[in-house]
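A.B. asks: Input structure: input38.pdb, which contains PDB, C-alpha atoms.
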ATOM      1  CA  MET E1077      29.689 -54.167  33.066
ATOM      2  CA  ASP E1078      32.411 -51.711  34.088
ATOM      3  CA  LYS E1079      31.726 -48.469  35.903
ATOM      4  CA  GLU E1080      32.012 -46.092  32.951
ATOM      5  CA  LYS E1081      29.845 -48.251  30.711
ATOM      6  CA  PHE E1082      27.169 -48.341  33.398
ATOM      7  CA  GLN E1083      27.152 -44.550  33.664
ATOM      8  CA  VAL E1084      26.855 -44.134  29.903
ATOM      9  CA  GLN E1085      24.054 -46.681  29.697
ATOM     10  CA  VAL E1086      22.121 -44.974  32.492
ATOM     11  CA  MET E1087      21.973 -41.794  30.421
ATOM     12  CA  ASP E1088      21.281 -43.636  27.168
ATOM     13  CA  TYR E1089      18.504 -45.645  28.778
ATOM     14  CA  LEU E1090      16.821 -42.584  30.262
ATOM     15  CA  SER E1091      17.148 -40.772  26.931
ATOM     16  CA  GLY E1092      15.667 -43.646  24.945
ATOM     17  CA  LEU E1093      18.828 -44.100  22.878
ATOM     18  CA  LEU E1094      19.150 -47.848  23.464
ATOM     19  CA  ASP E1095      17.591 -50.300  21.048
ATOM     20  CA  GLU E1096      15.229 -53.004  22.287
ATOM     21  CA  ASN E1097      17.946 -55.599  22.895
ATOM     22  CA  GLU E1098      20.196 -53.122  24.713
ATOM     23  CA  GLN E1099      17.291 -52.052  26.902
ATOM     24  CA  MET E1100      16.575 -55.654  27.835
ATOM     25  CA  GLU E1101      20.242 -56.306  28.637
ATOM     26  CA  PHE E1102      20.407 -53.227  30.819
ATOM     27  CA  GLU E1103      17.202 -54.141  32.642
ATOM     28  CA  ASP E1104      18.522 -57.675  33.202
ATOM     29  CA  PHE E1105      21.695 -56.172  34.627
ATOM     30  CA  LEU E1106      19.669 -54.106  37.089
ATOM     31  CA  GLU E1107      17.715 -57.184  38.157
ATOM     32  CA  ASP E1108      20.967 -58.987  38.900
ATOM     33  CA  TYR E1109      22.333 -56.055  40.922
ATOM     34  CA  PRO E1110      19.601 -54.770  43.284
ATOM     35  CA  GLU E1111      21.892 -52.150  44.813
ATOM     36  CA  GLN E1112      22.537 -50.542  41.438
ATOM     37  CA  LYS E1113      18.862 -50.900  40.549
ATOM     38  CA  GLY E1114      17.907 -48.860  43.610
ATOM     39  CA  GLN E1115      20.337 -46.124  42.672
ATOM     40  CA  PHE E1116      19.083 -46.155  39.092
ATOM     41  CA  GLN E1117      15.499 -45.721  40.276
ATOM     42  CA  GLU E1118      16.511 -42.662  42.301
ATOM     43  CA  ILE E1119      18.265 -41.169  39.281
ATOM     44  CA  GLN E1120      15.273 -41.950  37.080
ATOM     45  CA  ALA E1121      12.882 -40.262  39.508
ATOM     46  CA  ALA E1122      15.045 -37.124  39.638
ATOM     47  CA  TRP E1123      15.384 -37.169  35.840
ATOM     48  CA  ASN E1124      11.617 -37.273  35.405
ATOM     49  CA  ARG E1125      11.030 -34.475  37.912
ATOM     50  CA  LEU E1126      13.232 -32.134  35.884
ATOM     51  CA  ASP E1127      10.492 -31.975  33.251
ATOM     52  CA  LYS E1128       8.046 -30.534  35.783
ATOM     53  CA  LEU E1129      10.212 -27.553  36.672
ATOM     54  CA  THR E1130       9.398 -24.241  35.021
ATOM     55  CA  ILE E1131      11.997 -21.972  33.468
ATOM     56  CA  PRO E1132      10.591 -18.432  33.217
ATOM     57  CA  GLU E1133      11.063 -16.650  29.914
ATOM     58  CA  PRO E1134      12.880 -13.304  30.134
ATOM     59  CA  SER E1135      10.297 -10.601  30.811
ATOM     60  CA  MET E1136      10.282  -6.963  29.700
ATOM     61  CA  LYS E1137      11.554  -6.051  33.143
ATOM     62  CA  MET E1138      14.458  -8.441  32.683
ATOM     63  CA  ASP E1139      15.171  -6.856  29.299
ATOM     64  CA  ALA E1140      15.248  -3.400  30.902
ATOM     65  CA  ARG E1141      17.636  -4.579  33.614
ATOM     66  CA  PHE E1142      19.762  -6.250  30.966
ATOM     67  CA  TYR E1143      20.055  -3.117  28.845
ATOM     68  CA  GLU E1144      20.760  -1.014  31.916
ATOM     69  CA  MET E1145      23.538  -3.370  32.961
ATOM     70  CA  LEU E1146      25.083  -3.368  29.490
ATOM     71  CA  HIS E1147      25.055   0.410  29.079
ATOM     72  CA  SER E1148      26.463   1.030  32.548
ATOM     73  CA  LYS E1149      29.138  -1.659  32.460
ATOM     74  CA  ILE E1150      30.346  -1.747  28.860
ATOM     75  CA  GLY E1151      32.183   1.362  27.703
ATOM     76  CA  PRO E1152      32.753   2.145  24.022
ATOM     77  CA  LYS E1153      36.507   1.780  24.393
ATOM     78  CA  GLU E1154      36.500  -1.371  26.458
ATOM     79  CA  GLY E1155      38.405  -3.955  24.465
ATOM     80  CA  LYS E1156      39.128  -6.592  27.060
ATOM     81  CA  SER E1157      36.734  -9.495  27.165
ATOM     82  CA  GLY E1158      37.480 -10.762  30.673
ATOM     83  CA  THR E1159      35.535  -8.125  32.584
ATOM     84  CA  PHE E1160      32.681  -8.194  30.115
ATOM     85  CA  GLU E1161      32.402 -11.952  30.283
ATOM     86  CA  ASN E1162      32.219 -11.919  34.060
ATOM     87  CA  GLN E1163      29.529  -9.241  34.060
ATOM     88  CA  VAL E1164      27.366 -10.933  31.456
ATOM     89  CA  ARG E1165      27.780 -14.333  33.090
ATOM     90  CA  ALA E1166      26.676 -12.921  36.426
ATOM     91  CA  PHE E1167      23.616 -11.374  34.840
ATOM     92  CA  LEU E1168      22.726 -14.503  32.898
ATOM     93  CA  ARG E1169      22.935 -16.593  36.027
ATOM     94  CA  LYS E1170      20.399 -14.298  37.686
ATOM     95  CA  LEU E1171      18.248 -14.396  34.587
ATOM     96  CA  TRP E1172      17.732 -18.121  34.232
ATOM     97  CA  ARG E1173      18.954 -19.501  37.544
ATOM     98  CA  PRO E1174      16.651 -22.414  38.436
ATOM     99  CA  GLN E1175      15.129 -22.689  41.847
ATOM    100  CA  LEU E1176      16.827 -24.487  44.734
ATOM    101  CA  ALA E1177      14.793 -27.607  44.086
ATOM    102  CA  TYR E1178      16.321 -27.861  40.634
ATOM    103  CA  GLY E1179      19.812 -27.840  42.079
ATOM    104  CA  MET E1180      18.887 -30.429  44.652
ATOM    105  CA  LEU E1181      17.561 -32.721  41.939
ATOM    106  CA  LEU E1182      20.782 -32.407  39.984
ATOM    107  CA  LEU E1183      22.773 -33.127  43.114
ATOM    108  CA  CYS E1184      20.641 -36.216  43.605
ATOM    109  CA  ILE E1185      21.486 -37.358  40.082
ATOM    110  CA  GLY E1186      25.184 -36.791  40.670
ATOM    111  CA  LEU E1187      25.146 -38.618  43.962
ATOM    112  CA  GLY E1188      23.204 -41.479  42.448
ATOM    113  CA  ILE E1189      25.647 -42.021  39.618
ATOM    114  CA  GLY E1190      28.561 -41.408  41.942
ATOM    115  CA  TYR E1191      27.287 -44.131  44.249
ATOM    116  CA  PHE E1192      27.994 -46.826  41.699
ATOM    117  CA  LEU E1193      31.332 -45.326  40.754
ATOM    118  CA  ASN E1194      32.379 -45.185  44.391
ATOM    119  CA  SER E1195      30.629 -48.169  45.979
ATOM    120  CA  GLY E1196      32.620 -48.232  49.161
ATOM    121  CA  ASN E1197      33.078 -45.907  52.084
ATOM    122  CA  THR E1198      30.095 -43.526  52.424
ATOM    123  CA  SER E1199      32.131 -40.500  53.439
ATOM    124  CA  ASP E1200      34.407 -41.006  50.452
ATOM    125  CA  LEU E1201      31.304 -41.239  48.265
ATOM    126  CA  ILE E1202      30.020 -37.828  49.321
ATOM    127  CA  LYS E1203      33.376 -36.138  48.901
ATOM    128  CA  THR E1204      34.103 -37.558  45.481
ATOM    129  CA  SER E1205      30.632 -37.445  43.964
ATOM    130  CA  VAL E1206      29.951 -33.814  44.865
ATOM    131  CA  VAL E1207      33.130 -32.562  43.216
ATOM    132  CA  SER E1208      32.800 -35.088  40.381
ATOM    133  CA  ASN E1209      36.398 -36.233  40.723
ATOM    134  CA  THR E1210      35.570 -39.690  39.408
ATOM    135  CA  GLU E1211      33.863 -38.543  36.202
ATOM    136  CA  THR E1212      36.049 -38.587  33.132
ATOM    137  CA  GLU E1213      35.908 -35.876  30.513
ATOM    138  CA  GLU E1214      34.651 -38.412  28.010
ATOM    139  CA  ILE E1215      31.705 -39.369  30.212
ATOM    140  CA  ARG E1216      30.831 -35.747  30.908
ATOM    141  CA  GLU E1217      30.908 -34.943  27.210
ATOM    142  CA  LYS E1218      28.568 -37.863  26.590
ATOM    143  CA  LEU E1219      26.257 -36.465  29.251
ATOM    144  CA  VAL E1220      26.338 -32.995  27.687
ATOM    145  CA  LEU E1221      25.530 -34.262  24.208
ATOM    146  CA  THR E1222      22.732 -36.446  25.546
ATOM    147  CA  LEU E1223      21.122 -33.674  27.593
ATOM    148  CA  LEU E1224      21.303 -31.118  24.777
ATOM    149  CA  GLU E1225      19.174 -33.417  22.628
ATOM    150  CA  GLN E1226      16.374 -33.731  25.179
ATOM    151  CA  PRO E1227      12.917 -32.243  24.504
ATOM    152  CA  SER E1228      12.869 -30.762  28.011
ATOM    153  CA  ALA E1229      14.322 -27.235  28.260
ATOM    154  CA  ASN E1230      15.343 -27.989  31.846
ATOM    155  CA  LYS E1231      17.470 -30.904  30.710
ATOM    156  CA  ARG E1232      19.021 -28.934  27.863
ATOM    157  CA  LEU E1233      19.831 -26.166  30.336
ATOM    158  CA  GLN E1234      21.514 -28.727  32.555
ATOM    159  CA  GLY E1235      23.430 -29.957  29.514
ATOM    160  CA  VAL E1236      24.889 -26.475  29.028
ATOM    161  CA  SER E1237      25.695 -26.330  32.728
ATOM    162  CA  GLU E1238      27.556 -29.635  32.489
ATOM    163  CA  ALA E1239      29.507 -28.284  29.499
ATOM    164  CA  ASN E1240      30.856 -25.529  31.747
ATOM    165  CA  LYS E1241      32.458 -28.200  33.937
ATOM    166  CA  ILE E1242      34.536 -29.650  31.112
ATOM    167  CA  LYS E1243      38.136 -28.539  31.409
ATOM    168  CA  ARG E1244      38.753 -28.569  27.692
ATOM    169  CA  ALA E1245      35.745 -29.166  25.460
ATOM    170  CA  GLU E1246      36.156 -31.247  22.315
ATOM    171  CA  GLU E1247      35.020 -29.916  18.954
ATOM    172  CA  LYS E1248      31.848 -32.004  19.061
ATOM    173  CA  VAL E1249      30.777 -30.324  22.299
ATOM    174  CA  ILE E1250      31.499 -26.839  20.951
ATOM    175  CA  LYS E1251      29.501 -27.604  17.804
ATOM    176  CA  ALA E1252      26.634 -28.881  19.944
ATOM    177  CA  LEU E1253      26.655 -25.633  21.939
ATOM    178  CA  LEU E1254      26.658 -23.579  18.747
ATOM    179  CA  GLN E1255      23.763 -25.621  17.407
ATOM    180  CA  THR E1256      21.925 -24.993  20.664
ATOM    181  CA  LEU E1257      22.565 -21.262  20.327
ATOM    182  CA  ASN E1258      21.216 -21.295  16.786
ATOM    183  CA  ASN E1259      18.227 -23.583  17.105
ATOM    184  CA  ASP E1260      17.037 -23.969  20.674
ATOM    185  CA  PRO E1261      13.469 -22.641  21.059
ATOM    186  CA  ASN E1262      14.088 -21.521  24.653
ATOM    187  CA  VAL E1263      15.705 -18.101  25.138
ATOM    188  CA  ASN E1264      17.216 -19.064  28.484
ATOM    189  CA  VAL E1265      18.957 -22.058  26.982
ATOM    190  CA  ARG E1266      20.381 -19.914  24.184
ATOM    191  CA  LEU E1267      21.652 -17.363  26.697
ATOM    192  CA  ALA E1268      23.251 -20.155  28.692
ATOM    193  CA  ALA E1269      24.911 -21.430  25.512
ATOM    194  CA  ILE E1270      26.444 -17.990  24.919
ATOM    195  CA  GLU E1271      27.800 -17.960  28.445
ATOM    196  CA  SER E1272      29.331 -21.387  27.981
ATOM    197  CA  LEU E1273      30.871 -20.473  24.633
ATOM    198  CA  THR E1274      32.609 -17.438  26.157
ATOM    199  CA  ASN E1275      34.954 -19.965  27.759
ATOM    200  CA  TYR E1276      36.360 -20.640  24.290
ATOM    201  CA  VAL E1277      36.293 -17.264  22.512
ATOM    202  CA  GLY E1278      39.961 -17.743  21.706
ATOM    203  CA  GLU E1279      39.051 -20.631  19.402
ATOM    204  CA  PRO E1280      38.469 -19.688  15.732
ATOM    205  CA  LEU E1281      35.625 -22.215  15.530
ATOM    206  CA  VAL E1282      33.799 -20.476  18.361
ATOM    207  CA  ARG E1283      34.316 -16.948  17.049
ATOM    208  CA  GLN E1284      33.188 -17.961  13.599
ATOM    209  CA  GLY E1285      30.188 -19.771  15.010
ATOM    210  CA  LEU E1286      29.154 -16.792  17.137
ATOM    211  CA  VAL E1287      29.424 -14.458  14.141
ATOM    212  CA  GLN E1288      27.360 -16.785  11.976
ATOM    213  CA  SER E1289      24.769 -17.106  14.723
ATOM    214  CA  ILE E1290      24.018 -13.372  14.785
ATOM    215  CA  VAL E1291      21.716 -13.377  11.754
ATOM    216  CA  GLN E1292      19.744 -16.328  13.114
ATOM    217  CA  GLN E1293      18.675 -14.667  16.343
ATOM    218  CA  ARG E1294      15.250 -13.066  16.766
ATOM    219  CA  SER E1295      15.227 -12.533  20.529
ATOM    220  CA  PRO E1296      16.216  -8.941  21.442
ATOM    221  CA  ILE E1297      18.080  -9.987  24.562
ATOM    222  CA  VAL E1298      20.093 -12.592  22.640
ATOM    223  CA  GLN E1299      20.810 -10.086  19.866
ATOM    224  CA  VAL E1300      22.092  -7.510  22.329
ATOM    225  CA  THR E1301      24.118 -10.104  24.240
ATOM    226  CA  LEU E1302      25.895 -11.125  21.046
ATOM    227  CA  ALA E1303      26.347  -7.482  20.058
ATOM    228  CA  ASN E1304      28.121  -6.584  23.268
ATOM    229  CA  LEU E1305      30.203  -9.739  23.140
ATOM    230  CA  MET E1306      31.386  -8.777  19.660
ATOM    231  CA  VAL E1307      32.249  -5.296  20.922
ATOM    232  CA  ALA E1308      34.230  -6.753  23.795
ATOM    233  CA  LEU E1309      36.067  -9.044  21.401
ATOM    234  CA  GLN E1310      36.377  -6.342  18.724
ATOM    235  CA  GLU E1311      35.307  -8.957  16.196
ATOM    236  CA  LYS E1312      35.280  -7.064  12.892
ATOM    237  CA  GLU E1313      33.865 -10.013  10.953
ATOM    238  CA  SER E1314      30.619  -9.550  12.866
ATOM    239  CA  VAL E1315      29.874  -6.182  11.214
ATOM    240  CA  GLU E1316      28.372  -7.698   8.077
ATOM    241  CA  SER E1317      26.275 -10.074  10.143
ATOM    242  CA  PHE E1318      24.845  -7.181  12.151
ATOM    243  CA  LYS E1319      24.053  -5.272   8.973
ATOM    244  CA  LYS E1320      22.119  -8.261   7.664
ATOM    245  CA  LEU E1321      20.333  -8.677  10.985
ATOM    246  CA  MET E1322      19.253  -5.025  10.920
ATOM    247  CA  GLN E1323      17.372  -5.679   7.700
ATOM    248  CA  VAL E1324      14.802  -7.756   9.593
ATOM    249  CA  LYS E1325      11.575  -5.751   9.417
ATOM    250  CA  GLU E1326      10.188  -6.724  12.810
ATOM    251  CA  MET E1327      13.333  -5.735  14.694
ATOM    252  CA  ASP E1328      12.753  -3.578  17.751
ATOM    253  CA  SER E1329      13.794   0.024  17.082
ATOM    254  CA  SER E1330      15.858   0.303  20.276
ATOM    255  CA  VAL E1331      17.724  -2.882  19.387
ATOM    256  CA  LYS E1332      18.382  -1.574  15.895
ATOM    257  CA  LYS E1333      19.905   1.595  17.347
ATOM    258  CA  LYS E1334      21.990  -0.570  19.656
ATOM    259  CA  LEU E1335      23.300  -2.589  16.714
ATOM    260  CA  GLU E1336      24.135   0.599  14.789
ATOM    261  CA  HIS E1337      26.124   1.775  17.782
ATOM    262  CA  THR E1338      27.744  -1.667  18.037
ATOM    263  CA  ILE E1339      28.971  -1.463  14.448
ATOM    264  CA  GLN E1340      30.490   1.970  15.106
ATOM    265  CA  GLN E1341      32.272   0.629  18.183
ATOM    266  CA  ILE E1342      33.775  -2.234  16.238
ATOM    267  CA  ILE E1343      34.878  -0.439  13.095
TER     268      ILE E1343
END
Could you spell out this file's structure in structure tokens?

C.D. replies:
Amino acid sequence: MDKEKFQVQVMDYLSGLLDENEQMEFEDFLEDYPEQKGQFQEIQAAWNRLDKLTIPEPSMKMDARFYEMLHSKIGPKEGKSGTFENQVRAFLRKLWRPQLAYGMLLLCIGLGIGYFLNSGNTSDLIKTSVVSNTETEEIREKLVLTLLEQPSANKRLQGVSEANKIKRAEEKVIKALLQTLNNDPNVNVRLAAIESLTNYVGEPLVRQGLVQSIVQQRSPIVQVTLANLMVALQEKESVESFKKLMQVKEMDSSVKKKLEHTIQQII
């Protein structure tokens, strides 16, 4: 088994995507290569511990800080998206940033997979695995798609994080991020998806997907995030989507006023 195939099968095995015969073949491979089996066990342990980590839902205090940041940083005439994107990204990172232990677990996973890919000099292993120089875009995309399908919000969040490391995401990755934005039950994961998609706002597929996503959102903080992104982009096609969203009866009154102001800023 070559290096890339091993890495793909590690993720597929942990995700339960292999059929019974493929599982047996992979397990036989590990039995024949004790060194790789040890590394796999470390990755598996870190993978399982991700489920035990808690991602806090945005609180009312976070909402207040979010609105304060938006009103103070985004002016009605600000048309450039670069500054806005940086500000929102910084806020989102504070909002759902996992604890240090989470990062250490992910580093453990990276080092574990990198060990097989760089089975040689230890110092070279550390240098290359940390910066992920040996991972191909294809493998990373496979990792992203696999993680975004996991039942664990922590793993889906890591999937979005991995998507940010892709130099140029393929259409299948962008569609997966848009699907996450539309359907993920966790607000933090949806916010992370927005952040990731801002890397590709120049793509028609992304702009169209963001506009279409507006009417599907019921979280105030996600609604306002999309509203301010549309203002920054001056995306006129979003106006109709906001009007439809405002027809939702249970919408918060302050959010509704914000959307009315958003429409005025765009038109």

A.B. asks: Just the residues within 6 Å of stretch 1267-1277 of chain E, please, counting all atoms listed in the file, with nothing from its chain fewer than 4 positions along; format it as a VMD selection string.

C.D. replies: chain E and resid 1165 1240 1253 1257 1282 to 1283

A.B. asks: Keeping only C-alpha atoms, take the residues you just selected and write them out as an mmCIF file, keeping the file's coordinate frame.

C.D. replies:
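Everything below was put into out30.cif:
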data_model
loop_
_atom_site.group_PDB
_atom_site.id
_atom_site.type_symbol
_atom_site.label_atom_id
_atom_site.label_comp_id
_atom_site.auth_asym_id
_atom_site.auth_seq_id
_atom_site.Cartn_x
_atom_site.Cartn_y
_atom_site.Cartn_z
ATOM 1 C CA ARG E 1165 27.780 -14.333 33.090
ATOM 2 C CA ASN E 1240 30.856 -25.529 31.747
ATOM 3 C CA LEU E 1253 26.655 -25.633 21.939
ATOM 4 C CA LEU E 1257 22.565 -21.262 20.327
ATOM 5 C CA VAL E 1282 33.799 -20.476 18.361
ATOM 6 C CA ARG E 1283 34.316 -16.948 17.049
#

A.B. asks: So that I can see what lies close to E:Leu1093, please list as a PyMOL selection string the residues with an atom at most 12 Å from it, counting only C-alpha atoms and leaving out residues fewer than 3 positions away in the same chain.

C.D. replies: chain E and resi 1084-1090+1096-1099+1221-1223+1225-1226

A.B. asks: Selection from above, C-alpha atoms, as a compact mmCIF listing (two decimals), keeping the file's coordinate frame, can you write it?

C.D. replies:
# COMPACT_ATOMS: atom_id res chain seq x y z
CA VAL E 1084 26.86 -44.13 29.90
CA GLN E 1085 24.05 -46.68 29.70
CA VAL E 1086 22.12 -44.97 32.49
CA MET E 1087 21.97 -41.79 30.42
CA ASP E 1088 21.28 -43.64 27.17
CA TYR E 1089 18.50 -45.64 28.78
CA LEU E 1090 16.82 -42.58 30.26
CA GLU E 1096 15.23 -53.00 22.29
CA ASN E 1097 17.95 -55.60 22.90
CA GLU E 1098 20.20 -53.12 24.71
CA GLN E 1099 17.29 -52.05 26.90
CA LEU E 1221 25.53 -34.26 24.21
CA THR E 1222 22.73 -36.45 25.55
CA LEU E 1223 21.12 -33.67 27.59
CA GLU E 1225 19.17 -33.42 22.63
CA GLN E 1226 16.37 -33.73 25.18

A.B. asks: One decimal, Å: what's the distance from atom CA of E:Ser1228 over to atom CA of E:Ala1252, could you say?

C.D. replies: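 Going from atom CA of E:Ser1228 over to atom CA of E:Ala1252 covers 16.1 Å.
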
A.B. asks: What are the centre and edge lengths in Å, to one decimal, of the axis-aligned box around all listed atoms of stretch 1105-1124 of chain E with 4 Å added on each side, as AutoDock Vina command-line options?

C.D. replies:
--center_x 17.1 --center_y -48.1 --center_z 39.7 --size_x 18.9 --size_y 29.9 --size_z 18.2

A.B. asks: Per residue of stretch 1233-1327 of chain E within 10 Å of stretch 1212-1219 of chain E, which atom pair is closest and at what distance in Å (one decimal), using all atoms listed in the file, listed by chain and increasing number, as a Markdown table?

C.D. replies:
| residue | atom | partner | partner_atom | distance |
| --- | --- | --- | --- | --- |
| E:Gln1234 | CA | E:Leu1219 | CA | 9.7 |
| E:Gly1235 | CA | E:Leu1219 | CA | 7.1 |
| E:Glu1238 | CA | E:Arg1216 | CA | 7.1 |
| E:Ala1239 | CA | E:Glu1217 | CA | 7.2 |
| E:Lys1241 | CA | E:Arg1216 | CA | 8.3 |
| E:Ile1242 | CA | E:Glu1213 | CA | 6.4 |
| E:Lys1243 | CA | E:Glu1213 | CA | 7.7 |
| E:Arg1244 | CA | E:Glu1213 | CA | 8.3 |
| E:Ala1245 | CA | E:Glu1217 | CA | 7.7 |
| E:Glu1246 | CA | E:Glu1217 | CA | 8.1 |
| E:Lys1248 | CA | E:Glu1217 | CA | 8.7 |
| E:Val1249 | CA | E:Glu1217 | CA | 6.7 |

A.B. asks: Around (22.0, -8.5, 10.4), as given in the file, which residues come within 12 Å? Count all atoms listed in the file and list them as a PyMOL selection string.

C.D. replies: chain E and resi 1287-1294+1299-1300+1302-1303+1313-1325+1327+1331-1332+1335-1336+1338-1339

A.B. asks: For the file shown, report as a PyMOL selection string the outcome of the PyMOL selection byres ((chain E and resi 1342) around 7) at residue level.

C.D. replies: chain E and resi 1307+1310-1312+1338-1341+1343

A.B. asks: Generate a file of the selected residues that holds C-alpha atoms, formatted as a compact mmCIF listing (two decimals), in the coordinates of the input.

C.D. replies:
# COMPACT_ATOMS: atom_id res chain seq x y z
CA VAL E 1307 32.25 -5.30 20.92
CA GLN E 1310 36.38 -6.34 18.72
CA GLU E 1311 35.31 -8.96 16.20
CA LYS E 1312 35.28 -7.06 12.89
CA THR E 1338 27.74 -1.67 18.04
CA ILE E 1339 28.97 -1.46 14.45
CA GLN E 1340 30.49 1.97 15.11
CA GLN E 1341 32.27 0.63 18.18
CA ILE E 1343 34.88 -0.44 13.10

A.B. asks: Have a look at E:Leu1281, E:Met1306, E:Leu1254, E:Ala1229 and name the one nearest to E:His1337; count all atoms listed in the file.

C.D. replies: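 Nearest candidate to E:His1337 out of E:Leu1281, E:Met1306, E:Leu1254, E:Ala1229: E:Met1306.
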
A.B. asks: Of the candidates E:Asp1260, E:Asp1328, E:Glu1111, E:Glu1103, which shows the shortest atom-to-atom distance to E:Pro1227, using all atoms listed in the file?

C.D. replies: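 Of the candidates, the smallest distance to E:Pro1227 is held by E:Asp1260.
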
A.B. asks: As an exercise, work out the distance from atom CA of E:Phe1102 to atom CA of E:Phe1082 in Å and give it to one decimal place.

C.D. replies: 8.7 Å

A.B. asks: Suppose you want the space between atom CA of E:Gly1092 and atom CA of E:Asn1230; what is it in Å?

C.D. replies: 17.1 Å
